[in-house]
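*Asks:* Below you'll find work12.tsv; it's TSV, C-alpha atoms and all ligand atoms.
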```tsv
chain	number	residue	atom	x	y	z
L	401	MET	CA	93.43	114.79	101.99
L	402	ARG	CA	91.77	112.98	99.08
L	403	ASN	CA	89.59	115.00	96.79
L	404	ARG	CA	86.43	113.90	94.98
L	405	ILE	CA	88.13	113.15	91.69
L	406	GLU	CA	90.51	110.63	93.28
L	407	ASP	CA	87.60	108.64	94.69
L	408	ALA	CA	85.70	108.85	91.40
L	409	ILE	CA	88.67	107.49	89.44
L	410	LYS	CA	89.22	104.66	91.88
L	411	ALA	CA	85.56	103.69	91.74
L	412	LYS	CA	85.53	103.58	87.92
L	413	SER	CA	88.80	101.69	87.43
L	414	SER	CA	88.14	98.40	85.66
L	415	SER	CA	89.81	95.11	84.81
L	416	LEU	CA	90.96	94.43	81.26
L	417	ARG	CA	91.22	91.08	79.52
L	418	LEU	CA	92.64	90.05	76.15
L	419	VAL	CA	91.53	86.62	74.93
L	420	ASP	CA	93.26	84.96	71.96
L	421	VAL	CA	93.96	88.36	70.42
L	422	THR	CA	95.66	88.31	67.02
L	423	LYS	CA	96.50	91.14	64.65
L	424	LYS	CA	97.57	90.56	61.08
L	425	PHE	CA	98.63	93.37	58.75
L	426	ARG	CA	98.57	93.00	55.00
L	427	GLN	CA	101.94	94.00	53.58
L	428	ILE	CA	101.79	97.00	51.31
L	429	GLY	CA	102.67	96.07	47.71
L	430	GLY	CA	102.79	92.37	48.53
L	431	SER	CA	100.36	89.58	49.06
L	432	GLY	CA	101.87	88.40	52.36
L	433	GLU	CA	100.75	89.16	55.90
L	434	VAL	CA	102.62	90.24	59.01
L	435	ILE	CA	101.41	88.64	62.23
L	436	ALA	CA	102.09	91.57	64.55
L	437	VAL	CA	100.30	90.06	67.55
L	438	ASP	CA	99.89	86.31	67.77
L	439	ASN	CA	97.21	84.83	70.01
L	440	VAL	CA	97.82	86.97	73.08
L	441	ASN	CA	96.03	86.16	76.35
L	442	LEU	CA	96.37	88.59	79.20
L	443	SER	CA	94.44	89.65	82.31
L	444	ILE	CA	94.96	92.96	84.05
L	445	GLU	CA	93.25	93.33	87.40
L	446	SER	CA	91.56	96.54	88.40
L	447	GLY	CA	94.14	98.99	89.75
L	448	GLU	CA	97.16	97.11	88.37
L	449	LEU	CA	99.91	98.61	86.26
L	450	VAL	CA	100.99	96.09	83.64
L	451	THR	CA	103.82	96.76	81.22
L	452	LEU	CA	104.33	95.33	77.76
L	453	LEU	CA	108.06	94.99	77.27
L	454	GLY	CA	110.10	93.57	74.41
L	455	PRO	CA	112.40	94.30	71.50
L	456	SER	CA	111.46	96.57	68.64
L	457	GLY	CA	108.75	95.11	66.43
L	458	CYS	CA	107.54	92.51	68.96
L	459	GLY	CA	103.96	93.82	68.91
L	460	LYS	CA	103.74	96.01	72.04
L	461	THR	CA	102.33	99.11	70.35
L	462	THR	CA	99.93	97.15	68.19
L	463	THR	CA	98.56	95.41	71.30
L	464	LEU	CA	98.11	98.75	73.07
L	465	ARG	CA	96.46	100.30	69.99
L	466	MET	CA	94.00	97.41	69.74
L	467	VAL	CA	93.05	97.93	73.38
L	468	ALA	CA	92.60	101.65	72.69
L	469	GLY	CA	90.56	100.90	69.58
L	470	PHE	CA	92.93	102.68	67.17
L	471	GLU	CA	93.60	99.34	65.50
L	472	SER	CA	91.03	96.64	64.83
L	473	VAL	CA	91.42	93.12	66.19
L	474	THR	CA	91.87	90.47	63.46
L	475	SER	CA	90.58	87.79	65.83
L	476	GLY	CA	90.04	87.38	69.55
L	477	LYS	CA	88.18	89.28	72.22
L	478	LEU	CA	88.75	92.28	74.48
L	479	PHE	CA	86.89	92.72	77.75
L	480	LEU	CA	86.69	95.85	79.85
L	481	GLY	CA	85.24	94.47	83.08
L	482	ASP	CA	82.45	92.24	81.74
L	483	GLU	CA	81.87	94.33	78.64
L	484	MET	CA	83.11	93.06	75.27
L	485	ILE	CA	84.69	96.06	73.58
L	486	GLU	CA	86.44	95.03	70.38
L	487	SER	CA	83.74	96.62	68.24
L	488	VAL	CA	83.26	99.70	70.45
L	489	PRO	CA	84.77	102.86	68.85
L	490	PRO	CA	87.80	104.36	70.65
L	491	ASN	CA	85.99	107.42	72.01
L	492	LYS	CA	83.36	105.19	73.64
L	493	ARG	CA	85.81	102.86	75.40
L	494	ASP	CA	86.25	105.05	78.46
L	495	MET	CA	90.03	104.95	78.25
L	496	ALA	CA	92.69	107.63	78.04
L	497	MET	CA	96.06	107.36	76.36
L	498	MET	CA	99.32	109.16	77.01
L	499	PHE	CA	101.88	109.39	74.23
L	500	GLN	CA	105.58	110.17	74.23
L	501	SER	CA	104.91	113.39	72.35
L	502	TYR	CA	102.44	114.52	75.08
L	503	ALA	CA	100.05	115.54	72.27
L	504	LEU	CA	99.13	118.77	74.08
L	505	PHE	CA	97.43	121.42	71.94
L	506	PRO	CA	100.15	124.06	71.46
L	507	HIS	CA	97.78	127.00	71.03
L	508	MET	CA	95.76	126.24	74.17
L	509	THR	CA	96.70	127.19	77.72
L	510	VAL	CA	97.46	124.48	80.28
L	511	TYR	CA	94.02	125.11	81.80
L	512	ASN	CA	92.20	124.68	78.50
L	513	ASN	CA	94.27	121.64	77.56
L	514	ILE	CA	93.21	119.93	80.76
L	515	ARG	CA	89.50	120.75	80.43
L	516	TYR	CA	89.36	119.89	76.73
L	517	GLY	CA	88.24	116.27	77.20
L	518	LEU	CA	85.48	117.33	79.59
L	519	LYS	CA	84.17	119.94	77.14
L	520	ILE	CA	84.07	117.32	74.38
L	521	LYS	CA	81.95	115.20	76.72
L	522	LYS	CA	79.63	118.23	77.04
L	523	LEU	CA	79.61	118.08	80.83
L	524	PRO	CA	77.97	120.94	82.75
L	525	GLU	CA	80.30	123.97	83.01
L	526	ALA	CA	80.34	123.86	86.83
L	527	GLU	CA	81.45	120.23	86.86
L	528	ILE	CA	84.14	120.92	84.24
L	529	THR	CA	85.56	123.72	86.36
L	530	GLN	CA	85.41	121.70	89.57
L	531	ARG	CA	87.11	118.64	88.07
L	532	THR	CA	89.75	120.73	86.29
L	533	ASN	CA	90.61	122.60	89.49
L	534	GLN	CA	90.78	119.39	91.50
L	535	ILE	CA	93.14	117.72	89.07
L	536	ILE	CA	95.33	120.85	88.90
L	537	GLU	CA	95.67	120.68	92.66
L	538	LEU	CA	96.29	116.94	92.70
L	539	MET	CA	98.95	117.13	90.01
L	540	GLN	CA	100.62	120.21	91.49
L	541	ILE	CA	100.35	122.34	88.38
L	542	LYS	CA	98.91	125.34	90.18
L	543	GLY	CA	100.35	128.64	88.98
L	544	MET	CA	100.93	127.56	85.39
L	545	GLU	CA	97.31	127.34	84.26
L	546	ASN	CA	97.54	130.32	81.93
L	547	ARG	CA	100.77	129.33	80.20
L	548	LEU	CA	101.04	127.66	76.83
L	549	PRO	CA	102.69	124.21	76.62
L	550	SER	CA	105.77	125.85	75.05
L	551	GLN	CA	106.15	128.00	78.18
L	552	ILE	CA	106.56	125.09	80.61
L	553	SER	CA	109.27	122.43	80.98
L	554	GLY	CA	109.19	118.91	79.56
L	555	GLY	CA	108.41	117.44	82.97
L	556	GLN	CA	105.60	119.93	83.50
L	557	GLN	CA	104.18	119.16	80.06
L	558	GLN	CA	104.23	115.51	81.04
L	559	ARG	CA	102.26	116.29	84.17
L	560	VAL	CA	99.73	118.33	82.21
L	561	ALA	CA	99.32	115.47	79.74
L	562	LEU	CA	98.71	113.11	82.64
L	563	ALA	CA	96.22	115.53	84.21
L	564	ARG	CA	94.39	115.79	80.90
L	565	ALA	CA	94.24	112.00	80.67
L	566	VAL	CA	92.95	111.31	84.18
L	567	VAL	CA	90.52	114.24	84.47
L	568	ILE	CA	88.02	112.42	82.26
L	569	GLU	CA	87.99	109.62	84.89
L	570	PRO	CA	88.82	106.80	82.47
L	571	LYS	CA	88.36	103.14	83.35
L	572	VAL	CA	91.84	102.37	82.02
L	573	LEU	CA	94.91	104.48	81.34
L	574	LEU	CA	97.15	103.56	78.40
L	575	PHE	CA	100.75	104.69	78.12
L	576	ASP	CA	102.77	104.52	74.89
L	577	GLU	CA	106.42	105.09	75.86
L	578	PRO	CA	105.40	108.25	77.75
L	579	LEU	CA	108.85	109.07	79.10
L	580	SER	CA	111.05	108.50	76.10
L	581	ASN	CA	111.33	112.21	75.21
L	582	LEU	CA	112.75	113.16	78.60
L	583	ASP	CA	116.40	113.23	79.62
L	584	ALA	CA	117.62	110.46	81.94
L	585	LYS	CA	117.25	112.29	85.27
L	586	LEU	CA	113.82	113.72	84.56
L	587	ARG	CA	112.75	110.40	83.18
L	588	GLU	CA	113.49	108.68	86.48
L	589	TYR	CA	111.77	111.41	88.45
L	590	MET	CA	108.65	111.36	86.26
L	591	ARG	CA	108.60	107.58	86.32
L	592	ASP	CA	108.40	107.56	90.10
L	593	GLU	CA	105.84	110.34	90.11
L	594	LEU	CA	103.69	108.61	87.56
L	595	ARG	CA	103.79	105.36	89.51
L	596	ALA	CA	102.93	107.12	92.78
L	597	LEU	CA	99.94	108.80	91.16
L	598	GLN	CA	98.79	105.60	89.48
L	599	LYS	CA	98.87	103.80	92.82
L	600	ARG	CA	97.15	106.62	94.63
L	601	LEU	CA	94.35	106.72	92.06
L	602	GLY	CA	94.21	102.91	91.78
L	603	ILE	CA	93.73	103.26	88.05
L	604	THR	CA	94.17	100.22	85.82
L	605	SER	CA	97.09	100.93	83.50
L	606	LEU	CA	98.66	99.32	80.48
L	607	TYR	CA	102.11	100.68	79.76
L	608	VAL	CA	104.41	100.13	76.78
L	609	THR	CA	108.16	100.52	76.92
L	610	HIS	CA	111.25	98.90	75.44
L	611	ASP	CA	113.29	100.01	78.47
L	612	GLN	CA	113.59	97.07	80.85
L	613	SER	CA	114.69	99.07	83.87
L	614	GLU	CA	111.67	101.37	83.45
L	615	ALA	CA	109.42	98.32	83.20
L	616	MET	CA	110.97	96.78	86.32
L	617	ALA	CA	110.69	99.99	88.34
L	618	ILE	CA	107.12	100.89	87.50
L	619	SER	CA	105.11	97.68	87.10
L	620	ASP	CA	103.02	95.33	89.16
L	621	LYS	CA	103.44	92.82	86.34
L	622	VAL	CA	105.65	92.75	83.28
L	623	VAL	CA	104.63	91.03	80.05
L	624	LEU	CA	107.68	90.17	78.00
L	625	MET	CA	106.86	89.80	74.30
L	626	ASN	CA	108.84	88.50	71.36
L	627	ALA	CA	107.76	88.14	67.74
L	628	GLY	CA	104.10	88.91	68.52
L	629	ARG	CA	103.84	86.41	71.38
L	630	ILE	CA	103.96	86.60	75.14
L	631	VAL	CA	107.08	84.87	76.37
L	632	GLN	CA	106.56	85.33	80.13
L	633	VAL	CA	104.28	87.26	82.47
L	634	GLY	CA	105.26	87.92	86.05
L	635	THR	CA	106.22	90.39	88.71
L	636	PRO	CA	109.51	92.20	87.99
L	637	LEU	CA	111.14	90.04	90.67
L	638	ASP	CA	109.84	86.84	89.09
L	639	LEU	CA	111.09	87.76	85.65
L	640	TYR	CA	114.49	88.61	87.04
L	641	ASN	CA	114.85	85.62	89.35
L	642	GLU	CA	112.85	83.00	87.51
L	643	PRO	CA	113.34	83.47	83.77
L	644	ALA	CA	111.38	80.80	81.88
L	645	THR	CA	113.61	80.88	78.80
L	646	LEU	CA	117.05	82.04	77.68
L	647	PHE	CA	115.39	84.92	75.85
L	648	VAL	CA	113.93	86.22	79.14
L	649	ALA	CA	117.26	85.83	80.97
L	650	GLU	CA	119.00	87.67	78.15
L	651	PHE	CA	116.47	90.49	77.89
L	652	ILE	CA	116.06	91.20	81.61
L	653	GLY	CA	119.25	92.27	83.37
L	654	LYS	CA	122.74	90.91	82.79
L	655	SER	CA	123.63	87.24	82.93
L	656	ASN	CA	126.40	84.76	82.37
L	657	PHE	CA	125.33	81.88	80.15
L	658	LEU	CA	127.49	78.85	80.87
L	659	PRO	CA	127.33	75.48	79.12
L	660	CYS	CA	126.22	72.81	81.52
L	661	GLU	CA	125.59	69.08	81.56
L	662	ILE	CA	122.69	67.93	83.72
L	663	LYS	CA	123.49	64.54	85.26
L	664	GLU	CA	120.85	63.60	87.79
L	665	LYS	CA	118.45	64.72	90.45
L	666	ASN	CA	118.91	64.02	94.15
L	667	ASP	CA	117.64	65.34	97.48
L	668	ASP	CA	120.04	68.28	97.43
L	669	GLY	CA	119.17	69.45	93.93
L	670	ILE	CA	120.30	68.92	90.36
L	671	GLU	CA	123.70	67.33	89.85
L	672	SER	CA	125.42	69.07	86.99
L	673	VAL	CA	128.78	69.85	85.48
L	674	ILE	CA	129.41	73.55	84.87
L	675	LEU	CA	132.71	74.60	83.28
L	676	GLY	CA	134.19	71.24	84.30
L	677	ALA	CA	133.16	71.54	87.98
L	678	ARG	CA	130.64	69.17	89.52
L	679	ILE	CA	128.00	71.37	91.11
L	680	THR	CA	124.70	70.54	92.80
L	681	VAL	CA	122.24	73.27	91.88
L	682	PRO	CA	119.82	73.52	94.81
L	683	SER	CA	117.10	75.62	93.13
L	684	PRO	CA	117.30	75.35	89.35
L	685	GLY	CA	114.24	77.58	88.90
L	686	LYS	CA	110.46	77.57	89.36
L	687	ASN	CA	110.06	76.87	85.67
L	688	PHE	CA	112.55	73.98	85.57
L	689	SER	CA	111.39	70.45	84.92
L	690	PHE	CA	114.05	67.78	85.11
L	691	PHE	CA	115.88	66.56	82.02
L	692	LYS	CA	119.31	65.04	81.44
L	693	GLY	CA	121.94	66.35	79.05
L	694	GLU	CA	123.08	69.68	77.71
L	695	ALA	CA	121.63	72.85	79.21
L	696	THR	CA	122.64	76.39	80.06
L	697	ALA	CA	123.42	77.58	83.57
L	698	VAL	CA	122.34	81.21	83.93
L	699	ILE	CA	124.16	83.16	86.64
L	700	ARG	CA	123.71	86.88	87.35
L	701	PRO	CA	127.02	88.78	87.80
L	702	GLU	CA	126.09	89.77	91.37
L	703	PHE	CA	125.84	86.11	92.44
L	704	ILE	CA	129.55	85.57	91.81
L	705	ARG	CA	132.34	86.58	94.14
L	706	VAL	CA	136.01	87.08	93.42
L	707	LEU	CA	138.28	85.67	96.12
L	708	GLU	CA	141.86	84.73	96.80
L	709	LYS	CA	142.86	82.07	94.33
L	710	GLU	CA	142.63	79.04	96.60
L	711	ASP	CA	138.93	79.67	97.41
L	712	GLY	CA	135.69	79.04	95.50
L	713	GLN	CA	134.56	76.49	92.90
L	714	PHE	CA	136.73	77.82	90.06
L	715	THR	CA	140.07	79.47	89.41
L	716	GLY	CA	140.32	82.22	86.81
L	717	VAL	CA	142.39	85.13	85.57
L	718	VAL	CA	141.18	88.74	85.74
L	719	ARG	CA	140.97	90.21	82.23
L	720	LYS	CA	139.22	93.49	82.97
L	721	THR	CA	138.51	95.58	86.06
L	722	VAL	CA	136.23	98.61	85.98
L	723	PHE	CA	135.62	100.52	89.21
L	724	PHE	CA	132.21	102.25	89.40
L	725	GLY	CA	132.36	103.48	93.00
L	726	ASN	CA	129.61	101.35	94.50
L	727	PHE	CA	130.73	98.22	92.67
L	728	VAL	CA	133.53	96.75	90.60
L	729	GLU	CA	132.82	95.04	87.33
L	730	TYR	CA	135.23	92.24	86.48
L	731	GLU	CA	135.69	90.11	83.42
L	732	ILE	CA	137.33	86.86	84.42
L	733	GLU	CA	138.56	84.11	82.18
L	734	ILE	CA	137.79	80.57	83.27
L	735	LYS	CA	138.61	77.75	80.86
L	736	ASN	CA	138.69	80.04	77.79
L	737	ARG	CA	135.39	81.63	78.73
L	738	ILE	CA	134.84	85.16	79.99
L	739	ILE	CA	132.45	85.56	82.87
L	740	LYS	CA	131.15	88.85	84.23
L	741	VAL	CA	131.17	89.59	87.94
L	742	GLU	CA	129.74	92.55	89.83
L	743	SER	CA	131.33	92.95	93.23
L	744	TYR	CA	129.54	95.39	95.56
L	745	CYS	CA	130.96	97.41	98.47
L	746	PRO	CA	134.49	97.17	97.04
L	747	LEU	CA	135.82	99.80	99.43
L	748	GLU	CA	135.87	97.20	102.18
L	749	LYS	CA	137.54	94.65	99.98
L	750	LYS	CA	140.51	94.24	97.74
L	751	ILE	CA	140.12	95.31	94.14
L	752	TYR	CA	141.73	92.68	91.92
L	753	GLN	CA	143.73	93.77	88.90
L	754	VAL	CA	144.23	92.47	85.37
L	755	GLU	CA	146.34	89.26	85.29
L	756	ASP	CA	145.56	88.45	88.95
L	757	VAL	CA	144.79	84.77	89.40
L	758	VAL	CA	141.66	84.55	91.51
L	759	GLY	CA	139.16	82.14	93.01
L	760	ILE	CA	135.55	82.35	91.91
L	761	ALA	CA	132.69	81.50	94.25
L	762	VAL	CA	129.23	81.17	92.79
L	763	ASN	CA	126.23	81.55	95.06
L	764	LEU	CA	124.58	78.23	94.22
L	765	ASP	CA	121.09	79.54	95.06
L	766	GLY	CA	121.50	82.01	92.20
L	767	ILE	CA	122.07	79.41	89.47
L	768	ARG	CA	119.16	78.76	87.11
L	769	LEU	CA	119.16	75.89	84.62
L	770	LEU	CA	117.49	76.47	81.28
L	771	LYS	CA	116.94	74.48	78.11
L	772	ASN	CA	119.17	75.42	75.20
L	773	ASN	CA	116.44	75.21	72.60
L	774	ASP	CA	113.51	77.07	74.01
L	775	GLY	CA	112.66	78.48	70.59
L	776	GLU	CA	113.25	82.04	71.74
L	777	ALA	CA	116.96	82.29	72.36
L	778	ASP	CA	117.90	83.23	68.84
L	779	ALA	CA	115.10	85.71	68.26
L	801	LIG	N1	100.26	99.50	60.00
L	801	LIG	C1	101.09	98.46	59.83
L	801	LIG	N2	101.19	97.81	58.65
L	801	LIG	C2	102.00	96.74	58.49
L	801	LIG	N3	102.78	96.25	59.46
L	801	LIG	C3	102.74	96.84	60.67
L	801	LIG	C4	101.91	97.98	60.93
L	801	LIG	N4	102.08	98.36	62.23
L	801	LIG	C5	102.99	97.52	62.75
L	801	LIG	N5	103.39	96.61	61.83
L	801	LIG	C6	104.33	95.51	62.04
L	801	LIG	O1	103.87	94.74	63.13
L	801	LIG	C7	104.95	94.31	63.96
L	801	LIG	C8	104.74	94.81	65.39
L	801	LIG	O2	104.87	96.24	65.40
L	801	LIG	P1	104.69	97.11	66.73
L	801	LIG	O3	104.78	98.54	66.33
L	801	LIG	O4	103.48	96.66	67.44
L	801	LIG	O5	105.98	96.68	67.54
L	801	LIG	P2	106.59	97.34	68.86
L	801	LIG	O6	106.93	96.21	69.74
L	801	LIG	O7	105.68	98.37	69.39
L	801	LIG	O8	107.92	98.00	68.29
L	801	LIG	P3	108.66	99.39	68.72
L	801	LIG	O9	109.25	99.16	70.08
L	801	LIG	O10	109.71	99.52	67.66
L	801	LIG	O11	107.63	100.46	68.67
L	801	LIG	C9	106.21	94.84	63.27
L	801	LIG	O12	106.74	93.82	62.47
L	801	LIG	C10	105.71	95.99	62.43
L	801	LIG	O13	106.54	96.20	61.34
```
Mind turning the file's structure into structure tokens?
*Replies:*
Amino acid sequence: MRNRIEDAIKAKSSSLRLVDVTKKFRQIGGSGEVIAVDNVNLSIESGELVTLLGPSGCGKTTTLRMVAGFESVTSGKLFLGDEMIESVPPNKRDMAMMFQSYALFPHMTVYNNIRYGLKIKKLPEAEITQRTNQIIELMQIKGMENRLPSQISGGQQQRVALARAVVIEPKVLLFDEPLSNLDAKLREYMRDELRALQKRLGITSLYVTHDQSEAMAISDKVVLMNAGRIVQVGTPLDLYNEPATLFVAEFIGKSNFLPCEIKEKNDDGIESVILGARITVPSPGKNFSFFKGEATAVIRPEFIRVLEKEDGQFTGVVRKTVFFGNFVEYEIEIKNRIIKVESYCPLEKKIYQVEDVVGIAVNLDGIRLLKNNDGEADA
């Protein structure tokens, strides 16, 4: 059964828009500037969970901190619904932020930690108690209200931090690497719990992580950043299946990057030569526009099969075999190049060994053709 606070949060949840947002920092001791965030445009619909993902220093945290109001915007605009907020102070933005360190007050009980934000807002005592109790029930923290943060587990602290963030009924929830202090198993569990709660509450969320599998698992949309700029925005599936640049293909999941010569276009697809074999690529990618000449064929390891040597488009020699139970990872040499293959359900098949000469069959639908110089590949 839904309680009042769930409906209140859903009703308040708001869209968020960043328009031409740039942040420059002056370098300490020098006259130069760092462009931490470079002309970012982004729309987050009400109720969506959008993740900023990218390598260290790409501007994720700075973007999040500008949205929160902890960092000023050098230029550009921020909209919360229709309201322009870049000059609104952080405590008036109606947002809540969760940090990796939880930031719970160590000397306060769980109960008082959760009601703290409501007391600051000077809400009537009866409403504070009602909302606190409802969130405690919703987040399943009943029974630990009188403990100090040090007397509960990391996962429980995480839940308390989340309860404290949502009890104020924010319009947007901001997450700064909230799970990075947890061990791998708990991290996965909390990730799923957090996503389930976010969906249930329908609360607009902006989430920062450098962990691509976390981003894929939790997000409606992923924003991949590099050097202060957005490289691609899409659903996790889109980013995985339709990388717009080599940087995206390299950052998200594993790939083989094979040199390729694009010859021509015909009704069946793009005629190309990959590792000396003439191959028609039927679906070179949503982001592909035809060009002739050198390119890179991107192929995920799970789109390649290892077969008896007379089958497939290529012949190769097995250089490494690692058995993981549910799949076998191979490294196979074809024309002086090592390609990676992930072969699933190996128990029903033969496991090839080092020095075996094998056939290689590429699922042609899984080949994507990308430009070599997309300006991002070397970043
Ligand atoms: N207060 C500051 N003064 C000067 N430069 C800064 C400041 N904060 C961030 N930067 C620089 O801005 C760039 C973006 O930093 P930011 O922390 O946003 O990256 P990030 O993607 O969150 O990285 P990480 O994953 O390592 O946290 C970096 O080059 C960083 O060194």
*Asks:* List the spatial neighbours of Val419 in chain L as a ChimeraX atom specification - criterion: any atom at most 9 Å away, only C-alpha atoms, same-chain residues fewer than 3 positions off excluded.
*Replies:* /L:439-443,476-479
*Asks:* What separation in Å, quoted to one decimal, exists between CA of Leu764 in chain L and CA of Ile734 in chain L?
*Replies:*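 About the pair CA of Leu764 in chain L and CA of Ile734 in chain L: they are 17.3 Å apart.
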*Asks:* Calculate how many Å separate CA of Gln540 in chain L from CA of Asp494 in chain L, rounding to one decimal.
*Replies:* 24.6 Å
*Asks:* Hey, which residues sit close to ligand LIG 801 (chain L)? Say within 7 Å, counting all atoms listed in the file, and write them as a PyMOL selection string.
*Replies:* chain L and resi 425-427+434-437+454-463+610+628
*Asks:* For the atom pair CA of Gly653 in chain L and CA of Ala596 in chain L, what is the interatomic distance in Å to one decimal place?
*Replies:*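 Value for the CA of Gly653 in chain L-CA of Ala596 in chain L distance: 24.0 Å.
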*Asks:* Give me, as a PDB file with C-alpha atoms, keeping the file's coordinate frame, all polymer residues having an atom no more than 8 Å from Phe688 in chain L, counting only C-alpha atoms and skipping those fewer than 6 positions away in the same chain.
*Replies:*
```pdb
ATOM      1  CA  ALA L 644     111.380  80.800  81.880  1.00  0.00           C
ATOM      2  CA  LEU L 769     119.160  75.890  84.620  1.00  0.00           C
ATOM      3  CA  LEU L 770     117.490  76.470  81.280  1.00  0.00           C
TER       4      LEU L 770
END
```
*Asks:* Could you pull the residues within 7 Å of range 700-712 of chain L, counting all atoms listed in the file, minus those fewer than 6 positions along the same chain, as a PyMOL selection string?
*Replies:* chain L and resi 654-656+740-743+757-763+766
